[in-house]
>>> print(open('data-v8.tsv').read())   # TSV, C-alpha atoms
chain	number	residue	atom	x	y	z
A	1	MET	CA	64.60	-46.86	58.80
A	2	ARG	CA	65.22	-43.19	59.51
A	3	ASN	CA	62.57	-42.19	56.99
A	4	GLU	CA	60.05	-44.47	58.64
A	5	PHE	CA	60.85	-43.03	62.07
A	6	SER	CA	60.64	-39.49	60.71
A	7	LYS	CA	57.22	-40.16	59.18
A	8	ARG	CA	55.90	-41.60	62.44
A	9	ARG	CA	57.25	-38.63	64.35
A	10	LYS	CA	55.56	-36.17	61.98
A	11	THR	CA	52.32	-38.12	62.26
A	12	ILE	CA	52.45	-38.01	66.07
A	13	VAL	CA	53.24	-34.26	66.06
A	14	ALA	CA	50.41	-33.55	63.62
A	15	ALA	CA	47.95	-35.66	65.62
A	16	THR	CA	49.01	-33.93	68.85
A	17	LEU	CA	48.55	-30.51	67.22
A	18	VAL	CA	45.09	-31.42	65.90
A	19	LEU	CA	44.09	-32.78	69.30
A	20	SER	CA	45.37	-29.63	71.05
A	21	ILE	CA	43.38	-27.39	68.68
A	22	ALA	CA	40.27	-29.52	69.16
A	23	LEU	CA	40.62	-29.38	72.95
A	24	PHE	CA	41.17	-25.61	72.81
A	25	PHE	CA	37.97	-25.00	70.85
A	26	ALA	CA	36.02	-27.48	72.94
A	27	THR	CA	37.15	-25.77	76.16
A	28	THR	CA	36.48	-22.32	74.74
A	29	ASN	CA	33.03	-23.39	73.60
A	30	VAL	CA	32.16	-24.86	77.01
A	31	THR	CA	33.39	-21.67	78.70
A	32	ALA	CA	31.32	-19.55	76.34
A	33	VAL	CA	28.25	-21.69	76.89
A	34	HIS	CA	28.66	-21.40	80.66
A	35	ALA	CA	29.04	-17.62	80.33
A	36	TRP	CA	25.93	-17.37	78.16
A	37	SER	CA	24.04	-19.61	80.55
A	38	SER	CA	25.03	-17.56	83.59
A	39	ALA	CA	24.10	-14.26	81.95
A	40	ASN	CA	20.84	-15.67	80.65
A	41	ASP	CA	19.96	-17.04	84.10
A	42	ASP	CA	19.96	-13.45	85.41
A	43	ILE	CA	17.56	-12.43	82.66
A	44	VAL	CA	15.25	-15.38	83.29
A	45	GLN	CA	15.23	-14.46	86.98
A	46	SER	CA	14.28	-10.90	86.04
A	47	ILE	CA	11.47	-12.20	83.84
A	48	HIS	CA	10.13	-14.28	86.74
A	49	SER	CA	10.35	-11.22	88.97
A	50	SER	CA	8.33	-9.19	86.46
A	51	GLU	CA	5.85	-12.05	86.20
A	52	VAL	CA	5.29	-12.00	89.98
A	53	THR	CA	5.04	-8.18	90.04
A	54	ASN	CA	2.40	-8.18	87.30
A	55	LEU	CA	0.45	-10.91	89.07
A	56	HIS	CA	0.58	-8.96	92.34
A	57	THR	CA	-0.64	-5.80	90.58
A	58	HIS	CA	-3.50	-7.80	89.06
A	59	ALA	CA	-4.54	-9.20	92.46
A	60	VAL	CA	-4.54	-5.82	94.21
A	61	PHE	CA	-6.28	-3.98	91.38
A	62	HIS	CA	-8.90	-6.73	91.29
A	63	ALA	CA	-9.46	-6.30	95.05
A	64	HIS	CA	-9.68	-2.51	94.66
A	65	ALA	CA	-12.16	-2.91	91.80
A	66	ALA	CA	-14.38	-5.18	93.93
A	67	ALA	CA	-14.28	-2.72	96.85
A	68	ALA	CA	-15.11	0.21	94.56
A	69	ALA	CA	-18.00	-1.69	92.93
A	70	GLU	CA	-19.47	-2.53	96.32
A	71	ALA	CA	-19.05	1.07	97.50
A	72	ALA	CA	-20.72	2.38	94.32
A	73	THR	CA	-23.74	0.13	94.93
A	74	VAL	CA	-24.11	1.41	98.49
A	75	LEU	CA	-23.71	5.03	97.37
A	76	GLN	CA	-26.38	4.60	94.72
A	77	SER	CA	-28.78	3.12	97.28
A	78	ALA	CA	-28.03	5.99	99.65
A	79	SER	CA	-28.80	8.44	96.85
A	80	THR	CA	-32.20	6.85	96.29
A	81	ILE	CA	-33.01	6.86	100.00
A	82	GLN	CA	-31.86	10.46	100.32
A	83	ALA	CA	-34.09	11.53	97.45
A	84	TYR	CA	-37.23	10.16	99.14
A	85	SER	CA	-36.57	10.54	102.86
A	86	GLY	CA	-33.78	13.04	103.38
A	87	ALA	CA	-32.56	10.89	106.27
A	88	ALA	CA	-29.00	11.10	107.58
A	89	LEU	CA	-26.46	8.80	106.02
A	90	SER	CA	-26.34	5.31	107.53
A	91	ALA	CA	-23.20	3.73	108.95
A	92	GLN	CA	-23.07	1.55	105.83
A	93	SER	CA	-23.08	4.63	103.60
A	94	LEU	CA	-20.35	6.28	105.64
A	95	THR	CA	-18.12	3.21	105.40
A	96	ALA	CA	-18.82	3.04	101.66
A	97	ILE	CA	-17.63	6.64	101.31
A	98	GLN	CA	-14.53	5.81	103.36
A	99	SER	CA	-13.78	2.72	101.28
A	100	ALA	CA	-14.28	4.54	97.98
A	101	SER	CA	-12.05	7.41	99.13
A	102	TYR	CA	-9.33	4.94	100.12
A	103	VAL	CA	-9.46	3.13	96.76
A	104	ALA	CA	-9.40	6.42	94.83
A	105	SER	CA	-6.43	7.80	96.79
A	106	GLN	CA	-4.44	4.54	96.66
A	107	SER	CA	-5.05	4.13	92.94
A	108	ALA	CA	-3.97	7.70	92.21
A	109	VAL	CA	-0.75	7.29	94.23
A	110	ALA	CA	0.12	3.92	92.69
A	111	VAL	CA	-0.53	4.76	89.04
A	112	GLN	CA	2.56	6.93	88.46
A	113	SER	CA	5.05	4.46	89.94
A	114	ILE	CA	3.38	1.53	88.16
A	115	GLN	CA	3.54	3.37	84.85
A	116	THR	CA	7.24	4.15	85.38
A	117	ALA	CA	8.04	0.54	86.31
A	118	THR	CA	6.00	-0.85	83.41
A	119	LEU	CA	7.63	1.43	80.83
A	120	SER	CA	11.11	0.58	82.15
A	121	SER	CA	10.30	-3.14	82.02
A	122	GLN	CA	8.93	-2.65	78.50
A	123	GLN	CA	12.25	-1.15	77.35
A	124	ALA	CA	14.23	-4.09	78.77
A	125	ILE	CA	11.86	-6.61	77.19
A	126	THR	CA	12.05	-4.85	73.81
A	127	SER	CA	15.86	-4.98	73.94
A	128	LEU	CA	15.75	-8.67	74.82
A	129	SER	CA	13.32	-9.38	71.98
A	130	ILE	CA	15.72	-7.74	69.48
A	131	VAL	CA	18.69	-9.74	70.82
A	132	ASP	CA	16.69	-12.98	70.65
A	133	MET	CA	15.74	-12.27	67.03
A	134	GLN	CA	19.44	-11.87	66.22
A	135	ALA	CA	20.30	-15.14	67.99
A	136	GLY	CA	18.65	-16.96	65.12
A	137	SER	CA	17.52	-20.18	66.81
A	138	PHE	CA	13.90	-21.34	66.69
A	139	THR	CA	13.60	-21.15	70.49
A	140	ALA	CA	14.95	-17.60	70.43
A	141	PHE	CA	12.34	-16.65	67.83
A	142	GLN	CA	9.63	-18.16	70.04
A	143	ALA	CA	10.87	-16.18	73.03
A	144	ALA	CA	11.03	-12.98	70.95
A	145	SER	CA	7.46	-13.52	69.78
A	146	GLN	CA	6.27	-13.85	73.38
A	147	PHE	CA	8.15	-10.72	74.41
A	148	GLN	CA	6.57	-8.76	71.58
A	149	SER	CA	3.17	-9.86	72.88
A	150	VAL	CA	4.16	-8.71	76.38
A	151	THR	CA	5.12	-5.22	75.15
A	152	MET	CA	1.77	-4.89	73.36
A	153	ILE	CA	-0.10	-5.89	76.53
A	154	GLN	CA	2.04	-3.50	78.59
A	155	SER	CA	1.15	-0.65	76.23
A	156	GLN	CA	-2.52	-1.41	76.81
A	157	ALA	CA	-1.89	-1.57	80.56
A	158	VAL	CA	-0.22	1.87	80.57
A	159	TRP	CA	-3.14	3.29	78.58
A	160	SER	CA	-5.61	1.78	81.06
A	161	LEU	CA	-3.66	3.26	83.98
A	162	GLN	CA	-4.17	6.72	82.54
A	163	THR	CA	-7.92	6.08	82.63
A	164	VAL	CA	-7.61	4.88	86.24
A	165	GLN	CA	-5.71	8.04	87.15
A	166	THR	CA	-8.37	10.30	85.60
A	167	LEU	CA	-11.24	8.46	87.27
A	168	SER	CA	-9.43	8.38	90.61
A	169	THR	CA	-9.23	12.18	90.53
A	170	GLN	CA	-12.88	12.54	89.48
A	171	SER	CA	-14.01	10.09	92.17
A	172	ALA	CA	-12.03	11.92	94.85
A	173	ILE	CA	-13.63	15.24	93.87
A	174	ALA	CA	-17.13	13.71	93.83
A	175	LEU	CA	-16.58	12.10	97.24
A	176	GLN	CA	-15.34	15.40	98.69
A	177	ALA	CA	-18.61	16.98	97.49
A	178	VAL	CA	-20.54	14.23	99.28
A	179	ALA	CA	-18.57	14.86	102.47
A	180	VAL	CA	-19.50	18.55	102.34
A	181	PHE	CA	-23.11	18.10	101.26
A	182	PRO	CA	-24.47	14.51	101.08
A	183	SER	CA	-27.40	15.27	98.80
A	184	SER	CA	-29.07	12.70	96.58
A	185	THR	CA	-27.47	14.27	93.50
A	186	ASN	CA	-23.96	14.33	94.96
A	187	LEU	CA	-24.30	10.71	96.10
A	188	ALA	CA	-25.48	9.66	92.63
A	189	ILE	CA	-22.55	11.46	90.97
A	190	ALA	CA	-20.09	9.86	93.39
A	191	ALA	CA	-21.66	6.44	92.77
A	192	TYR	CA	-21.23	6.92	89.01
A	193	TYR	CA	-17.54	7.87	89.15
A	194	VAL	CA	-16.68	5.19	91.70
A	195	SER	CA	-18.44	2.61	89.52
A	196	GLN	CA	-16.45	3.79	86.49
A	197	LEU	CA	-13.27	3.62	88.56
A	198	SER	CA	-14.11	0.03	89.50
A	199	THR	CA	-14.46	-0.90	85.82
A	200	ALA	CA	-11.17	0.81	84.93
A	201	LEU	CA	-9.33	-0.95	87.76
A	202	GLU	CA	-10.68	-4.33	86.66
A	203	THR	CA	-9.63	-3.62	83.05
A	204	SER	CA	-6.10	-2.78	84.23
A	205	ALA	CA	-6.07	-5.91	86.39
A	206	VAL	CA	-6.85	-8.04	83.34
A	207	PHE	CA	-3.97	-6.53	81.35
A	208	PHE	CA	-1.48	-7.16	84.16
A	209	TYR	CA	-2.71	-10.75	84.48
A	210	GLN	CA	-2.25	-11.29	80.73
A	211	ALA	CA	1.25	-9.81	80.92
A	212	SER	CA	2.13	-12.13	83.81
A	213	MET	CA	0.94	-15.26	81.99
A	214	THR	CA	2.74	-14.28	78.77
A	215	LEU	CA	5.95	-13.61	80.71
A	216	GLN	CA	5.65	-17.07	82.24
A	217	THR	CA	5.63	-18.63	78.77
A	218	ALA	CA	8.44	-16.33	77.60
A	219	ALA	CA	10.64	-17.35	80.55
A	220	SER	CA	10.37	-21.02	79.62
A	221	PHE	CA	11.61	-20.25	76.10
A	222	GLN	CA	14.29	-17.80	77.24
A	223	SER	CA	15.79	-20.33	79.66
A	224	ALA	CA	16.82	-22.41	76.63
A	225	VAL	CA	18.28	-19.49	74.63
A	226	PHE	CA	22.01	-18.70	74.45
A	227	ILE	CA	22.72	-15.01	73.80
A	228	ASP	CA	25.75	-12.77	73.83
A	229	THR	CA	27.06	-12.33	77.37
A	230	PHE	CA	27.57	-8.56	77.09
A	231	ALA	CA	24.07	-8.01	75.71
A	232	ALA	CA	22.60	-10.23	78.43
A	233	SER	CA	24.37	-8.33	81.22
A	234	GLN	CA	23.27	-4.97	79.77
A	235	ILE	CA	19.63	-6.10	79.61
A	236	SER	CA	19.78	-7.60	83.09
A	237	THR	CA	21.19	-4.33	84.45
A	238	SER	CA	18.47	-2.23	82.82
A	239	TRP	CA	15.86	-4.54	84.33
A	240	THR	CA	17.20	-4.02	87.84
A	241	ARG	CA	16.87	-0.25	87.44
A	242	ARG	CA	13.10	-0.46	87.28
A	243	SER	CA	11.24	1.68	89.77
A	244	SER	CA	9.74	-0.25	92.64
A	245	TYR	CA	6.28	0.29	93.97
A	246	SER	CA	3.90	-1.28	96.42
A	247	LEU	CA	0.15	-1.68	96.43
A	248	LYS	CA	-2.01	-2.41	99.41
A	249	GLN	CA	-5.22	-4.35	99.67
A	250	PRO	CA	-8.35	-2.37	100.62
A	251	HIS	CA	-9.05	-2.47	104.35
A	252	GLN	CA	-11.34	-5.42	104.96
A	253	SER	CA	-12.63	-3.74	108.14
A	254	TYR	CA	-14.55	-1.22	106.03
A	255	TRP	CA	-17.25	-3.79	105.45
A	256	SER	CA	-17.23	-5.50	108.83
A	257	CYS	CA	-20.14	-3.40	110.14
A	258	GLN	CA	-22.53	-4.64	107.48
>>> encode(input="data-v8.tsv", output="structure tokens")
Amino acid sequence: MRNEFSKRRKTIVAATLVLSIALFFATTNVTAVHAWSSANDDIVQSIHSSEVTNLHTHAVFHAHAAAAAEAATVLQSASTIQAYSGAALSAQSLTAIQSASYVASQSAVAVQSIQTATLSSQQAITSLSIVDMQAGSFTAFQAASQFQSVTMIQSQAVWSLQTVQTLSTQSAIALQAVAVFPSSTNLAIAAYYVSQLSTALETSAVFFYQASMTLQTAASFQSAVFIDTFAASQISTSWTRRSSYSLKQPHQSYWSCQ
């Protein structure tokens, strides 16, 4: 009888121990999952923020490109008129010069801060891609692949910004020459550089749009990835250190007199 009782007691103790261990690991796993989820939520939020920033940059650069293209057309027409008549510049030509000068100055000012922010974002995304590759899950690999695409697009965007910066300077110089002496030749040169600036701005706008759309896809994958909490917090912190910048739309009033 005692042996039977002793066996039952040992069985109960063993079962209780197994249950306690199981509950411990289950609780620990849930806690870990919640920690991963919380850390990853910050990263996903940062990705969405970058997505919006890239989309905003695309929209403003696209608007600047359109304004520059329109100004270049007016400047070229003014050059032709000046060559044949030597008449004073029209109000339309003067507003075109004003608009082109605004676009050139705004683009030159914005390029440096955008480059800094893009390169900082690129570093955070590269780190996240490496961590995702180490996570090992299929979803993590998909996210990593998207992030690698983003960094490639960002590299192209930074390269295009250098072209914008160069053409902004050249346009500003050409427009200053027009302001001093609005000859047919100076107007034609200004029209050329402003037209080239418009093309460069539109090229940059396309890259930022592509980056935004790719980040959107990456965010959907990343939201389902569980990564190390420490790594996630480090990446999230580096993302928040990105330089901020603002871009303005060209003044619509420039063209109201036409």
>>> residues_around(input="data-v8.tsv", residues="A:Thr214", least_positions_apart="3", cutoff="10 Å", atoms="all atoms listed in the file", output="PyMOL selection string")
chain A and resi 51+146-150+153+208-211+217-219
>>> atom_distance(input="data-v8.tsv", atom1="atom CA of A:Thr116", atom2="atom CA of A:Ile47")
17.0 Å
>>> closest_residue(input="data-v8.tsv", among="A:Tyr193, A:Trp159, A:Phe226, A:Phe207", to="A:Ile173", atoms="all atoms listed in the file")
A:Tyr193
>>> atom_distance(input="data-v8.tsv", atom1="atom CA of A:Ser223", atom2="atom CA of A:Thr118")
22.1 Å
>>> closest_residue(input="data-v8.tsv", among="A:Ser93, A:Ser46, A:Ser171, A:Ser120", to="A:Thr80", atoms="only C-alpha atoms")
A:Ser93
>>> axis_aligned_box(input="data-v8.tsv", around="stretch 151-167 of chain A", padding_each_side="3 Å", output="JSON")
{"center_x": -3.1, "center_y": 2.2, "center_z": 80.3, "size_x": 22.4, "size_y": 22.2, "size_z": 19.9}
>>> closest_residue(input="data-v8.tsv", among="A:Thr126, A:Gln196, A:Ser160, A:Asn40", to="A:Ser145", atoms="all atoms listed in the file")
A:Thr126
>>> atom_distance(input="data-v8.tsv", atom1="atom CA of A:Phe221", atom2="atom CA of A:Thr139")
6.0 Å
>>> residues_around(input="data-v8.tsv", residues="A:His58", least_positions_apart="5", cutoff="12 Å", atoms="only C-alpha atoms", output="PyMOL selection string")
chain A and resi 51-53+63-65+114+157+201-213+247-249
>>> closest_residue(input="data-v8.tsv", among="A:His48, A:Asp41, A:Ser220, A:Ser121", to="A:Ala140", atoms="all atoms listed in the file")
A:Ser220
>>> closest_residue(input="data-v8.tsv", among="A:Gln142, A:Gln134, A:Ser155, A:Gln98", to="A:Ala224", atoms="only C-alpha atoms")
A:Gln142
>>> closest_residue(input="data-v8.tsv", among="A:Ile130, A:Leu215, A:Ala135, A:Ala110", to="A:Ser49", atoms="all atoms listed in the file")
A:Leu215
>>> residues_around(input="data-v8.tsv", residues="A:Pro182", least_positions_apart="5", cutoff="9 Å", atoms="all atoms listed in the file", output="ChimeraX atom specification")
/A:79,82,88-89,177,187
>>> residues_around(input="data-v8.tsv", residues="A:Ala144", least_positions_apart="5", cutoff="7 Å", atoms="only C-alpha atoms", output="number ranges by chain")
A: 129, 132-133
>>> decode(input="data-v8.tsv", residues="stretch 101-118 of chain A", atoms="C-alpha atoms", output="PDB file, in the first residue's frame")
ATOM      1  CA  SER A 101      16.044  81.180 -59.990  1.00  0.00           C
ATOM      2  CA  TYR A 102      13.781  79.981 -57.179  1.00  0.00           C
ATOM      3  CA  VAL A 103      13.934  76.350 -58.331  1.00  0.00           C
ATOM      4  CA  ALA A 104      17.728  76.486 -58.731  1.00  0.00           C
ATOM      5  CA  SER A 105      18.272  78.022 -55.277  1.00  0.00           C
ATOM      6  CA  GLN A 106      15.812  75.688 -53.508  1.00  0.00           C
ATOM      7  CA  SER A 107      17.287  72.619 -55.186  1.00  0.00           C
ATOM      8  CA  ALA A 108      20.836  73.612 -54.244  1.00  0.00           C
ATOM      9  CA  VAL A 109      19.857  74.193 -50.599  1.00  0.00           C
ATOM     10  CA  ALA A 110      17.877  70.950 -50.310  1.00  0.00           C
ATOM     11  CA  VAL A 111      20.375  68.602 -51.963  1.00  0.00           C
ATOM     12  CA  GLN A 112      22.902  68.460 -49.111  1.00  0.00           C
ATOM     13  CA  SER A 113      20.361  67.708 -46.374  1.00  0.00           C
ATOM     14  CA  ILE A 114      18.559  65.173 -48.580  1.00  0.00           C
ATOM     15  CA  GLN A 115      21.838  63.408 -49.321  1.00  0.00           C
ATOM     16  CA  THR A 116      22.694  63.275 -45.605  1.00  0.00           C
ATOM     17  CA  ALA A 117      19.251  61.932 -44.686  1.00  0.00           C
ATOM     18  CA  THR A 118      19.282  59.384 -47.521  1.00  0.00           C
TER      19      THR A 118
END
